[in-house]
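Structure file run_13.pdb with PDB, C-alpha atoms:
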ATOM      1  CA  GLU N   1      89.304  41.780 151.037
ATOM      2  CA  THR N   2      86.721  43.769 152.980
ATOM      3  CA  GLN N   3      87.109  44.975 156.552
ATOM      4  CA  ILE N   4      84.542  42.376 157.634
ATOM      5  CA  GLN N   5      86.613  39.602 156.039
ATOM      6  CA  LYS N   6      89.774  40.932 157.715
ATOM      7  CA  ASN N   7      87.998  40.959 161.077
ATOM      8  CA  GLU N   8      86.653  37.447 160.543
ATOM      9  CA  THR N   9      90.059  36.161 159.457
ATOM     10  CA  ALA N  10      91.558  37.619 162.642
ATOM     11  CA  GLU N  11      88.714  36.010 164.610
ATOM     12  CA  ILE N  12      89.461  32.632 162.997
ATOM     13  CA  TYR N  13      93.143  32.818 163.966
ATOM     14  CA  ARG N  14      92.268  34.031 167.473
ATOM     15  CA  TYR N  15      89.861  31.109 167.842
ATOM     16  CA  PHE N  16      92.590  28.603 166.976
ATOM     17  CA  LEU N  17      95.102  30.226 169.328
ATOM     18  CA  ASN N  18      92.597  29.955 172.185
ATOM     19  CA  HIS N  19      91.181  26.525 171.269
ATOM     20  CA  TYR N  20      94.238  24.695 169.918
ATOM     21  CA  LYS N  21      93.324  21.674 172.036
ATOM     22  CA  ASP N  22      89.594  21.409 171.379
ATOM     23  CA  ALA N  23      88.796  23.414 168.233
ATOM     24  CA  SER N  24      85.608  22.326 166.492
ATOM     25  CA  LEU N  25      84.229  23.388 163.159
ATOM     26  CA  GLU N  26      80.728  23.555 164.622
ATOM     27  CA  GLU N  27      81.832  25.919 167.399
ATOM     28  CA  LEU N  28      83.705  28.178 164.988
ATOM     29  CA  ALA N  29      80.686  28.209 162.655
ATOM     30  CA  VAL N  30      78.445  29.374 165.511
ATOM     31  CA  LEU N  31      80.993  32.027 166.473
ATOM     32  CA  LEU N  32      81.040  33.402 162.923
ATOM     33  CA  GLY N  33      77.317  32.886 162.326
ATOM     34  CA  TYR N  34      77.745  30.398 159.467
ATOM     35  CA  THR N  35      76.744  26.805 158.838
ATOM     36  CA  PRO N  36      79.576  24.323 159.408
ATOM     37  CA  THR N  37      79.713  23.527 155.676
ATOM     38  CA  TYR N  38      79.988  27.183 154.676
ATOM     39  CA  CYS N  39      82.407  27.879 157.528
ATOM     40  CA  SER N  40      84.724  25.115 156.322
ATOM     41  CA  ALA N  41      84.841  26.585 152.813
ATOM     42  CA  TYR N  42      85.146  30.130 154.199
ATOM     43  CA  VAL N  43      88.116  29.194 156.405
ATOM     44  CA  LYS N  44      89.903  27.650 153.419
ATOM     45  CA  LYS N  45      89.115  30.647 151.194
ATOM     46  CA  THR N  46      90.184  33.324 153.682
ATOM     47  CA  THR N  47      93.236  31.649 155.238
ATOM     48  CA  GLY N  48      94.412  29.304 152.494
ATOM     49  CA  PHE N  49      94.327  26.399 154.959
ATOM     50  CA  THR N  50      91.735  23.794 155.833
ATOM     51  CA  PHE N  51      90.175  23.790 159.298
ATOM     52  CA  SER N  52      92.131  20.683 160.298
ATOM     53  CA  LYS N  53      95.426  22.139 159.034
ATOM     54  CA  LEU N  54      94.863  25.339 161.030
ATOM     55  CA  ARG N  55      94.061  23.324 164.126
ATOM     56  CA  LYS N  56      97.233  21.282 163.665
ATOM     57  CA  MET N  57      99.293  24.450 163.118
ATOM     58  CA  ALA N  58      97.897  26.013 166.306
ATOM     59  CA  LEU N  59      98.559  22.833 168.279
ATOM     60  CA  PHE N  60     102.166  22.599 167.159
ATOM     61  CA  ARG N  61     102.694  26.321 167.684
ATOM     62  CA  LYS N  62     101.665  25.797 171.314
ATOM     63  CA  ALA N  63     103.887  22.695 171.523
ATOM     64  CA  LYS N  64     106.917  24.647 170.320
ATOM     65  CA  LYS N  65     106.152  27.445 172.770
ATOM     66  CA  LEU N  66     105.928  24.992 175.679
ATOM     67  CA  LEU N  67     109.116  23.225 174.613
ATOM     68  CA  ASN N  68     111.023  26.503 174.283
ATOM     69  CA  HIS N  69     109.730  28.352 177.339
ATOM     70  CA  THR N  70     109.023  25.732 179.998
ATOM     71  CA  THR N  71     110.754  22.798 181.616
ATOM     72  CA  LEU N  72     107.591  20.667 181.489
ATOM     73  CA  SER N  73     108.195  17.034 180.579
ATOM     74  CA  ILE N  74     107.318  15.832 177.101
ATOM     75  CA  SER N  75     104.556  13.663 178.575
ATOM     76  CA  HIS N  76     103.102  16.641 180.452
ATOM     77  CA  ILE N  77     103.215  18.788 177.300
ATOM     78  CA  SER N  78     101.483  16.048 175.327
ATOM     79  CA  GLU N  79      98.737  15.950 177.982
ATOM     80  CA  CYS N  80      98.381  19.751 177.835
ATOM     81  CA  LEU N  81      97.850  19.448 174.087
ATOM     82  CA  GLY N  82      95.168  16.786 174.418
ATOM     83  CA  TYR N  83      97.176  13.723 173.422
ATOM     84  CA  HIS N  84      96.226  10.574 175.311
ATOM     85  CA  ASP N  85      99.760   9.223 175.224
ATOM     86  CA  SER N  86     103.082  10.935 174.716
ATOM     87  CA  GLU N  87     104.205   8.490 172.016
ATOM     88  CA  SER N  88     101.459   9.753 169.678
ATOM     89  CA  PHE N  89     102.565  13.328 170.319
ATOM     90  CA  ILE N  90     106.228  12.480 169.733
ATOM     91  CA  ARG N  91     105.435  10.724 166.425
ATOM     92  CA  ALA N  92     103.213  13.596 165.224
ATOM     93  CA  PHE N  93     105.794  16.222 166.224
ATOM     94  CA  GLN N  94     108.610  14.348 164.523
ATOM     95  CA  LYS N  95     106.523  13.913 161.370
ATOM     96  CA  GLU N  96     105.753  17.661 161.296
ATOM     97  CA  PHE N  97     109.256  18.990 162.069
ATOM     98  CA  GLY N  98     111.681  16.158 161.307
ATOM     99  CA  VAL N  99     113.043  16.105 164.858
ATOM    100  CA  SER N 100     111.787  14.747 168.152
ATOM    101  CA  PRO N 101     110.409  17.167 170.762
ATOM    102  CA  THR N 102     113.465  16.463 172.931
ATOM    103  CA  LYS N 103     115.862  17.305 170.126
ATOM    104  CA  PHE N 104     113.797  20.384 169.196
ATOM    105  CA  ARG N 105     114.060  21.619 172.789
ATOM    106  CA  LYS N 106     117.860  21.221 172.738
ATOM    107  CA  LEU N 107     118.142  23.208 169.508
TER
END
This entry written out as structure tokens:
Amino acid sequence: ETQIQKNETAEIYRYFLNHYKDASLEELAVLLGYTPTYCSAYVKKTTGFTFSKLRKMALFRKAKKLLNHTTLSISHISECLGYHDSESFIRAFQKEFGVSPTKFRKL
């Protein structure tokens, strides 16, 4: 892996941390100076994850952080993450981690 690839990989992860709610392949492609098609393949090659998987990982990382370090309600957290209703967030969280957000917070 070259230094340029290392820098771009770091840039990809930084992008997802800052855009967990509204990440778009087109925007990332512009940021890296690639076409969306090439960017999609490049993300998979350099990180081992697809664009959508990285976005999901970043979103749930933020969810866990909010659950662990705030007293925000589950519905407020789901809004912060871009979910239109908290039930969708709860189902997605439970599918990803095997526990509800409420139970996760208690653990």
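For the pair atom CA of N:Tyr20 and atom CA of N:Ala58, the interatomic distance is 5.3 Å.
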Which one is closest to N:His69: N:Lys106, N:Lys53, N:Gln94, N:Ser86? Count all atoms listed in the file.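 Closest to N:His69, using all atoms listed in the file: N:Lys106.
Considering the residues N:Asn68, N:Ser40, N:Ser24, N:Thr46 and counting only C-alpha atoms, N:Phe104 has its shortest atom-to-atom contact with N:Asn68.
Taken over the whole file, the PyMOL selection byres ((chain N and resi 18) around 12) covers exactly Glu11, Ile12, Tyr13, Arg14, Tyr15, Phe16, Leu17, His19, Tyr20, Lys21, Asp22, Ala23, Ser24, Leu28, Arg55, Ala58, Leu59, Arg61, Lys62 and Leu81 of chain N.
Compared by their closest atoms to N:Tyr42, and using all atoms listed in the file, the residues N:Lys64, N:Arg91, N:Glu27, N:Glu8 rank with N:Glu8 nearest.
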message = Starting from the PyMOL selection byres ((chain N and resi 83) around 12), expand the selection into actual residues of this file and give them as a PyMOL selection string.
response = chain N and resi 20-22+59-60+63+74-82+84-93
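Distance-wise, atom CA of N:Ser100 and atom CA of N:Leu67 end up 11.0 Å apart.
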